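> Attaching a single structure in structure tokens format; questions to follow.
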Amino acid sequence: MMKVLIRTEKLSKYYGKGGKIKAVDELDLEVYEGETFGLLGPNGAGKTTTVRLLNCIIKPTSGTATVNGHDILKDETEVRRVTGLLAESPGLYEKLSAYEFLEFMGALYDVPGDILPERIDDLLKLFGLYDRRDHLLEGYSRGMKQKVLIAAALIHDPPILFFDEPTSMLDPRAALMVKDLIKGLADRAGKTIFICSHILPIVEELCDRIGIINQGKLIALGTVDEIIAQTGTKTLEEAFIAITGGVEEKELLAWRERRGASA
């Protein structure tokens, strides 16, 4: 039997007077050890809120979840120890070098001082940044900065990684590079990966299973083939539109751009 690493039970986050805005609405979900899971949905569907809840950044209105066996309401510190997060709009101290930034992040996660230097060097080598380890981050390209942020998410060697729109701000070449990095983490490092995106090819190419969320509700769950079969469509794009009732033009343009880049 596959081990469940992430489990949500009626997880909800409401905003506004009387809780009229349901960012996440009674989410029931299980993510298994070693899989790459994708949460797909239009902008504003509740993807980022879900990630923030599961990383104890915000508290739920109701319901709960466990992450690697730790309750998000009772064990916030332990949850943060077993997760690494690449946020959609992460902060980066650009006046630091790559080495200094990773050293700072390692200290935040209480990585032992006798381990940290070697781990930083290993990560910089893994991501092809070792020769520029002492250069200020302000001189890095967007793709290089994204590499550093992924390294920061890995600095304490967590079993679970969350990536929120990992390629949305990148040009096609950098996006392809990040996709390859995520594949490597899943295949070679054995990480459990939770990806949020509104770009269909990202989740289609990387994820073992996907969930589709819309207006805070999980409305489909399964492999790509299963979701296509459930909707009687021929492609994930057609299934997504059938399930969500449409997609914004800018999202389709982003999807086509990524698809062309990976062709």
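Lettering and numbering for the structure tokens are positional, with chains as A, B, ... in the shown order, residues counted from 1 in each chain, and ligands counted from 1 in the shown order.
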For Gly38 of chain A, find every residue with an atom within 8 Å (counting only C-alpha atoms), except residues of its own chain fewer than 6 positions away, and show them as a PyMOL selection string.

chain A and resi 194-197+203+207-211

> Skip Gln215 of chain A itself and residues of its chain fewer than 6 positions away, then list as an MDAnalysis selection string all residues within 12 Å of it, counting only C-alpha atoms.

chainID A and resid 12:14 20:27 40:47 49 243:245

> Could you give me, as a tab-separated table, every segment 178-239 of chain A residue with an atom at most 12 Å from segment 144-154 of chain A, plus its closest atom pair and distance in Å to one decimal, counting only C-alpha atoms, rows ordered by chain then number?


residue	atom	partner	partner_atom	distance
A:Val178	CA	A:Lys147	CA	7.4
A:Lys179	CA	A:Lys147	CA	10.9
A:Asp180	CA	A:Lys147	CA	11.2
A:Leu181	CA	A:Lys147	CA	8.5
A:Ile182	CA	A:Ile150	CA	9.1
A:Leu185	CA	A:Leu154	CA	9.8
A:Ala189	CA	A:Leu154	CA	10.7
A:Lys191	CA	A:Leu154	CA	10.0
A:Ile193	CA	A:Ala153	CA	11.7

> Could you save those same residues with N, CA and C atoms as a PDB file, in the first residue's frame?


ATOM      1  N   VAL A 178      14.074  24.492 -15.790  1.00  0.00           N
ATOM      2  CA  VAL A 178      13.464  24.230 -14.491  1.00  0.00           C
ATOM      3  C   VAL A 178      12.670  22.923 -14.523  1.00  0.00           C
ATOM      4  N   LYS A 179      11.965  22.670 -15.615  1.00  0.00           N
ATOM      5  CA  LYS A 179      11.242  21.404 -15.747  1.00  0.00           C
ATOM      6  C   LYS A 179      12.202  20.214 -15.631  1.00  0.00           C
ATOM      7  N   ASP A 180      13.358  20.315 -16.292  1.00  0.00           N
ATOM      8  CA  ASP A 180      14.329  19.226 -16.220  1.00  0.00           C
ATOM      9  C   ASP A 180      14.849  19.041 -14.798  1.00  0.00           C
ATOM     10  N   LEU A 181      15.041  20.152 -14.067  1.00  0.00           N
ATOM     11  CA  LEU A 181      15.479  20.064 -12.680  1.00  0.00           C
ATOM     12  C   LEU A 181      14.448  19.338 -11.825  1.00  0.00           C
ATOM     13  N   ILE A 182      13.177  19.686 -12.019  1.00  0.00           N
ATOM     14  CA  ILE A 182      12.105  19.056 -11.233  1.00  0.00           C
ATOM     15  C   ILE A 182      12.022  17.565 -11.546  1.00  0.00           C
ATOM     16  N   LEU A 185      14.758  15.817  -9.662  1.00  0.00           N
ATOM     17  CA  LEU A 185      14.477  15.687  -8.231  1.00  0.00           C
ATOM     18  C   LEU A 185      13.527  14.536  -7.964  1.00  0.00           C
ATOM     19  N   ALA A 189      16.278  11.902  -6.829  1.00  0.00           N
ATOM     20  CA  ALA A 189      16.345  12.220  -5.398  1.00  0.00           C
ATOM     21  C   ALA A 189      15.178  11.622  -4.613  1.00  0.00           C
ATOM     22  N   LYS A 191      12.118  12.629  -4.215  1.00  0.00           N
ATOM     23  CA  LYS A 191      11.288  13.582  -3.485  1.00  0.00           C
ATOM     24  C   LYS A 191       9.811  13.431  -3.870  1.00  0.00           C
ATOM     25  N   ILE A 193       6.709  15.584  -4.740  1.00  0.00           N
ATOM     26  CA  ILE A 193       6.630  16.940  -5.277  1.00  0.00           C
ATOM     27  C   ILE A 193       5.172  17.327  -5.523  1.00  0.00           C
TER      28      ILE A 193
END

> Quick one: everything within 10 Å of Ile72 of chain A, counting only C-alpha atoms, minus sequence neighbours fewer than 5 positions away in the same chain. Send it as a VMD selection string.

chain A and resid 8 53 to 60 64 to 67 77 to 80

> Pick out the residues sitting within 10 Å of Gly69 of chain A, and hand them over as a ChimeraX atom specification; count only C-alpha atoms, and ignore anything fewer than 6 positions along from it in its own chain.

/A:4-7,75,78-79,82

> Mind pulling up the distance from atom CA of Thr167 of chain A to atom CA of Ile202 of chain A?

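Separating atom CA of Ile202 of chain A from atom CA of Thr167 of chain A is a distance of 8.4 Å.
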
> Give me every helix (DSSP H, G or I) residue in segment 105-182 of chain A, going by DSSP on the backbone, as a PyMOL selection string.

chain A and resi 105-108+116-126+130-132+137-139+142-154+172-182

> Once you have the residues from the selection above, write them out as a CSV table (one decimal), in the first residue's frame, restricted to N, CA and C atoms.


chain,number,residue,atom,x,y,z
A,105,MET,N,19.7,30.8,4.3
A,105,MET,CA,18.5,29.9,4.3
A,105,MET,C,18.8,28.7,5.2
A,106,GLY,N,20.0,28.2,5.1
A,106,GLY,CA,20.4,27.0,5.9
A,106,GLY,C,20.3,27.3,7.4
A,107,ALA,N,20.7,28.5,7.8
A,107,ALA,CA,20.7,28.9,9.2
A,107,ALA,C,19.2,29.0,9.6
A,108,LEU,N,18.3,29.5,8.8
A,108,LEU,CA,16.9,29.6,9.1
A,108,LEU,C,16.3,28.2,9.4
A,116,LEU,N,26.4,22.3,6.7
A,116,LEU,CA,25.9,23.3,5.8
A,116,LEU,C,26.9,23.6,4.6
A,117,PRO,N,28.2,23.9,4.9
A,117,PRO,CA,29.1,24.3,3.7
A,117,PRO,C,29.1,23.2,2.6
A,118,GLU,N,29.3,22.0,3.0
A,118,GLU,CA,29.3,20.9,2.0
A,118,GLU,C,28.0,20.8,1.3
A,119,ARG,N,26.9,21.0,2.0
A,119,ARG,CA,25.6,20.9,1.3
A,119,ARG,C,25.4,22.0,0.3
A,120,ILE,N,25.8,23.2,0.7
A,120,ILE,CA,25.7,24.4,-0.2
A,120,ILE,C,26.6,24.1,-1.5
A,121,ASP,N,27.8,23.6,-1.3
A,121,ASP,CA,28.6,23.3,-2.4
A,121,ASP,C,28.0,22.3,-3.3
A,122,ASP,N,27.4,21.2,-2.7
A,122,ASP,CA,26.8,20.2,-3.5
A,122,ASP,C,25.6,20.7,-4.3
A,123,LEU,N,24.8,21.6,-3.7
A,123,LEU,CA,23.7,22.1,-4.4
A,123,LEU,C,24.1,23.0,-5.6
A,124,LEU,N,25.1,23.9,-5.3
A,124,LEU,CA,25.6,24.8,-6.3
A,124,LEU,C,26.2,24.0,-7.5
A,125,LYS,N,26.9,22.9,-7.2
A,125,LYS,CA,27.4,22.1,-8.3
A,125,LYS,C,26.3,21.4,-9.1
A,126,LEU,N,25.3,20.9,-8.3
A,126,LEU,CA,24.1,20.2,-8.9
A,126,LEU,C,23.4,21.1,-9.9
A,130,TYR,N,28.3,26.6,-9.3
A,130,TYR,CA,29.4,26.6,-8.4
A,130,TYR,C,30.4,27.7,-8.8
A,131,ASP,N,30.7,27.9,-10.1
A,131,ASP,CA,31.7,28.8,-10.5
A,131,ASP,C,31.2,30.3,-10.3
A,132,ARG,N,29.9,30.5,-10.0
A,132,ARG,CA,29.4,31.8,-9.8
A,132,ARG,C,28.9,32.0,-8.4
A,137,LEU,N,23.5,38.0,-6.5
A,137,LEU,CA,22.3,37.5,-7.1
A,137,LEU,C,21.7,38.5,-8.1
A,138,GLU,N,22.0,39.8,-7.9
A,138,GLU,CA,21.4,40.8,-8.7
A,138,GLU,C,21.9,40.7,-10.2
A,139,GLY,N,23.1,40.0,-10.3
A,139,GLY,CA,23.6,39.8,-11.7
A,139,GLY,C,23.2,38.5,-12.3
A,142,ARG,N,17.0,35.3,-14.7
A,142,ARG,CA,15.8,34.8,-14.0
A,142,ARG,C,15.9,33.3,-13.8
A,143,GLY,N,16.4,32.6,-14.9
A,143,GLY,CA,16.6,31.2,-14.7
A,143,GLY,C,17.6,30.8,-13.7
A,144,MET,N,18.7,31.5,-13.6
A,144,MET,CA,19.7,31.2,-12.5
A,144,MET,C,19.1,31.5,-11.1
A,145,LYS,N,18.4,32.6,-11.0
A,145,LYS,CA,17.7,32.9,-9.7
A,145,LYS,C,16.8,31.8,-9.3
A,146,GLN,N,16.0,31.3,-10.3
A,146,GLN,CA,15.1,30.2,-10.0
A,146,GLN,C,15.8,29.0,-9.5
A,147,LYS,N,17.0,28.7,-10.1
A,147,LYS,CA,17.8,27.6,-9.6
A,147,LYS,C,18.2,27.8,-8.2
A,148,VAL,N,18.7,29.0,-7.8
A,148,VAL,CA,19.1,29.3,-6.4
A,148,VAL,C,17.9,29.1,-5.5
A,149,LEU,N,16.7,29.5,-5.9
A,149,LEU,CA,15.5,29.4,-5.0
A,149,LEU,C,15.1,27.9,-4.8
A,150,ILE,N,15.3,27.1,-5.9
A,150,ILE,CA,15.0,25.7,-5.7
A,150,ILE,C,16.1,25.1,-4.8
A,151,ALA,N,17.3,25.5,-4.9
A,151,ALA,CA,18.4,25.0,-4.0
A,151,ALA,C,18.0,25.4,-2.6
A,152,ALA,N,17.5,26.6,-2.4
A,152,ALA,CA,17.1,27.1,-1.0
A,152,ALA,C,16.0,26.2,-0.5
A,153,ALA,N,15.1,25.8,-1.3
A,153,ALA,CA,14.0,24.9,-0.9
A,153,ALA,C,14.5,23.5,-0.5
A,154,LEU,N,15.7,23.1,-1.0
A,154,LEU,CA,16.3,21.8,-0.8
A,154,LEU,C,17.4,21.9,0.4
A,172,PRO,N,10.9,30.7,-22.3
A,172,PRO,CA,10.8,29.2,-22.6
A,172,PRO,C,12.1,28.4,-22.3
A,173,ARG,N,13.3,29.0,-22.6
A,173,ARG,CA,14.5,28.2,-22.3
A,173,ARG,C,14.7,28.0,-20.9
A,174,ALA,N,14.5,29.0,-20.0
A,174,ALA,CA,14.6,28.8,-18.6
A,174,ALA,C,13.5,27.9,-18.0
A,175,ALA,N,12.3,28.0,-18.6
A,175,ALA,CA,11.3,27.1,-18.1
A,175,ALA,C,11.6,25.7,-18.4
A,176,LEU,N,12.2,25.4,-19.6
A,176,LEU,CA,12.6,24.0,-19.9
A,176,LEU,C,13.6,23.5,-18.9
A,177,MET,N,14.6,24.4,-18.6
A,177,MET,CA,15.6,24.1,-17.6
A,177,MET,C,15.0,23.7,-16.3
A,178,VAL,N,14.1,24.5,-15.8
A,178,VAL,CA,13.5,24.2,-14.5
A,178,VAL,C,12.7,22.9,-14.5
A,179,LYS,N,12.0,22.7,-15.6
A,179,LYS,CA,11.2,21.4,-15.7
A,179,LYS,C,12.2,20.2,-15.6
A,180,ASP,N,13.4,20.3,-16.3
A,180,ASP,CA,14.3,19.2,-16.2
A,180,ASP,C,14.8,19.0,-14.8
A,181,LEU,N,15.0,20.2,-14.1
A,181,LEU,CA,15.5,20.1,-12.7
A,181,LEU,C,14.4,19.3,-11.8
A,182,ILE,N,13.2,19.7,-12.0
A,182,ILE,CA,12.1,19.1,-11.2
A,182,ILE,C,12.0,17.6,-11.5

> Just the number, please: distance in Å from atom CA of Val51 of chain A to atom CA of Leu29 of chain A, one decimal.

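Computing the Euclidean distance for atom CA of Val51 of chain A and atom CA of Leu29 of chain A yields 12.6 Å.
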
> I'd like to know which residues of segment 19-121 of chain A are strand (DSSP E or B) (by DSSP, run on the backbone); could you write them as a tab-separated table (two decimals) with N, CA and C atoms, in the first residue's frame?


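Written out: part-v6.tsv:
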chain	number	residue	atom	x	y	z
A	21	ILE	N	-16.15	34.66	0.29
A	21	ILE	CA	-15.15	34.28	-0.71
A	21	ILE	C	-14.50	32.97	-0.26
A	22	LYS	N	-14.77	31.90	-0.99
A	22	LYS	CA	-14.27	30.57	-0.63
A	22	LYS	C	-13.03	30.26	-1.46
A	23	ALA	N	-11.87	30.62	-0.91
A	23	ALA	CA	-10.61	30.40	-1.63
A	23	ALA	C	-10.31	28.91	-1.76
A	24	VAL	N	-10.53	28.16	-0.68
A	24	VAL	CA	-10.44	26.70	-0.68
A	24	VAL	C	-11.66	26.20	0.05
A	25	ASP	N	-12.39	25.27	-0.57
A	25	ASP	CA	-13.71	24.89	-0.06
A	25	ASP	C	-13.80	23.38	0.16
A	26	GLU	N	-13.58	22.95	1.41
A	26	GLU	CA	-13.73	21.56	1.83
A	26	GLU	C	-12.91	20.61	0.95
A	27	LEU	N	-11.62	20.88	0.90
A	27	LEU	CA	-10.73	20.09	0.06
A	27	LEU	C	-10.38	18.77	0.74
A	28	ASP	N	-10.67	17.67	0.06
A	28	ASP	CA	-10.26	16.33	0.49
A	28	ASP	C	-9.27	15.81	-0.56
A	29	LEU	N	-8.06	15.50	-0.12
A	29	LEU	CA	-7.02	15.14	-1.07
A	29	LEU	C	-5.96	14.28	-0.40
A	30	GLU	N	-5.40	13.34	-1.15
A	30	GLU	CA	-4.28	12.55	-0.68
A	30	GLU	C	-3.17	12.57	-1.72
A	31	VAL	N	-1.94	12.79	-1.26
A	31	VAL	CA	-0.76	12.76	-2.12
A	31	VAL	C	0.17	11.69	-1.57
A	32	TYR	N	0.66	10.82	-2.45
A	32	TYR	CA	1.42	9.65	-2.02
A	32	TYR	C	2.93	9.89	-2.04
A	36	THR	N	4.82	12.78	-8.05
A	36	THR	CA	4.73	14.19	-8.41
A	36	THR	C	3.27	14.48	-8.70
A	37	PHE	N	2.69	15.32	-7.85
A	37	PHE	CA	1.27	15.63	-7.95
A	37	PHE	C	1.10	17.06	-8.44
A	38	GLY	N	0.17	17.26	-9.35
A	38	GLY	CA	-0.08	18.59	-9.89
A	38	GLY	C	-1.46	19.09	-9.55
A	39	LEU	N	-1.53	20.30	-9.01
A	39	LEU	CA	-2.82	20.95	-8.77
A	39	LEU	C	-2.99	22.01	-9.86
A	40	LEU	N	-3.96	21.76	-10.72
A	40	LEU	CA	-4.16	22.57	-11.92
A	40	LEU	C	-5.45	23.37	-11.78
A	62	SER	N	-11.56	26.19	8.46
A	62	SER	CA	-12.06	24.94	9.04
A	62	SER	C	-11.35	23.78	8.36
A	63	GLY	N	-11.54	22.60	8.92
A	63	GLY	CA	-10.86	21.43	8.40
A	63	GLY	C	-9.41	21.41	8.83
A	64	THR	N	-8.68	20.41	8.37
A	64	THR	CA	-7.28	20.30	8.73
A	64	THR	C	-6.54	19.49	7.67
A	65	ALA	N	-5.26	19.27	7.91
A	65	ALA	CA	-4.43	18.48	7.01
A	65	ALA	C	-3.24	17.95	7.77
A	66	THR	N	-2.66	16.87	7.28
A	66	THR	CA	-1.40	16.36	7.81
A	66	THR	C	-0.38	16.33	6.68
A	67	VAL	N	0.86	16.67	7.02
A	67	VAL	CA	1.95	16.66	6.06
A	67	VAL	C	3.06	15.80	6.66
A	70	HIS	N	2.38	15.17	10.25
A	70	HIS	CA	2.32	16.30	11.17
A	70	HIS	C	1.07	17.15	10.88
A	71	ASP	N	0.33	17.45	11.93
A	71	ASP	CA	-0.90	18.24	11.81
A	71	ASP	C	-0.55	19.71	11.58
A	83	THR	N	9.15	20.18	4.71
A	83	THR	CA	8.73	20.73	3.42
A	83	THR	C	9.73	21.77	2.93
A	84	GLY	N	9.84	21.86	1.62
A	84	GLY	CA	10.57	22.94	0.98
A	84	GLY	C	9.62	23.64	0.03
A	85	LEU	N	9.65	24.95	0.01
A	85	LEU	CA	8.67	25.72	-0.76
A	85	LEU	C	9.34	26.67	-1.73
A	86	LEU	N	8.96	26.57	-2.99
A	86	LEU	CA	9.27	27.59	-3.99
A	86	LEU	C	7.98	28.34	-4.24
A	97	SER	N	25.50	37.02	-2.32
A	97	SER	CA	25.93	36.05	-3.33
A	97	SER	C	25.06	34.80	-3.19

> In terms of the shortest atom-to-atom distance over only C-alpha atoms, which of A:Asp110, A:Glu33, A:Glu226, A:Glu94 is closest to His156 of chain A?

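The shortest atom-to-atom distance to His156 of chain A comes from A:Asp110.
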
> Kindly indicate which residue among A:Lys217, A:His198, A:Pro90, A:Ala239 lies nearest to Glu165 of chain A, using only C-alpha atoms for the distances.

A:His198

> Which value, in Å to one decimal, gives the distance between atom CA of Asn214 of chain A and atom CA of Ile241 of chain A?

11.1 Å

> Tell me which protein, DNA and RNA residues are within 10 Å of Thr235 of chain A, counting only C-alpha atoms, leaving out same-chain ones fewer than 6 positions away, and put them as a PyMOL selection string.

chain A and resi 224-225+227-229
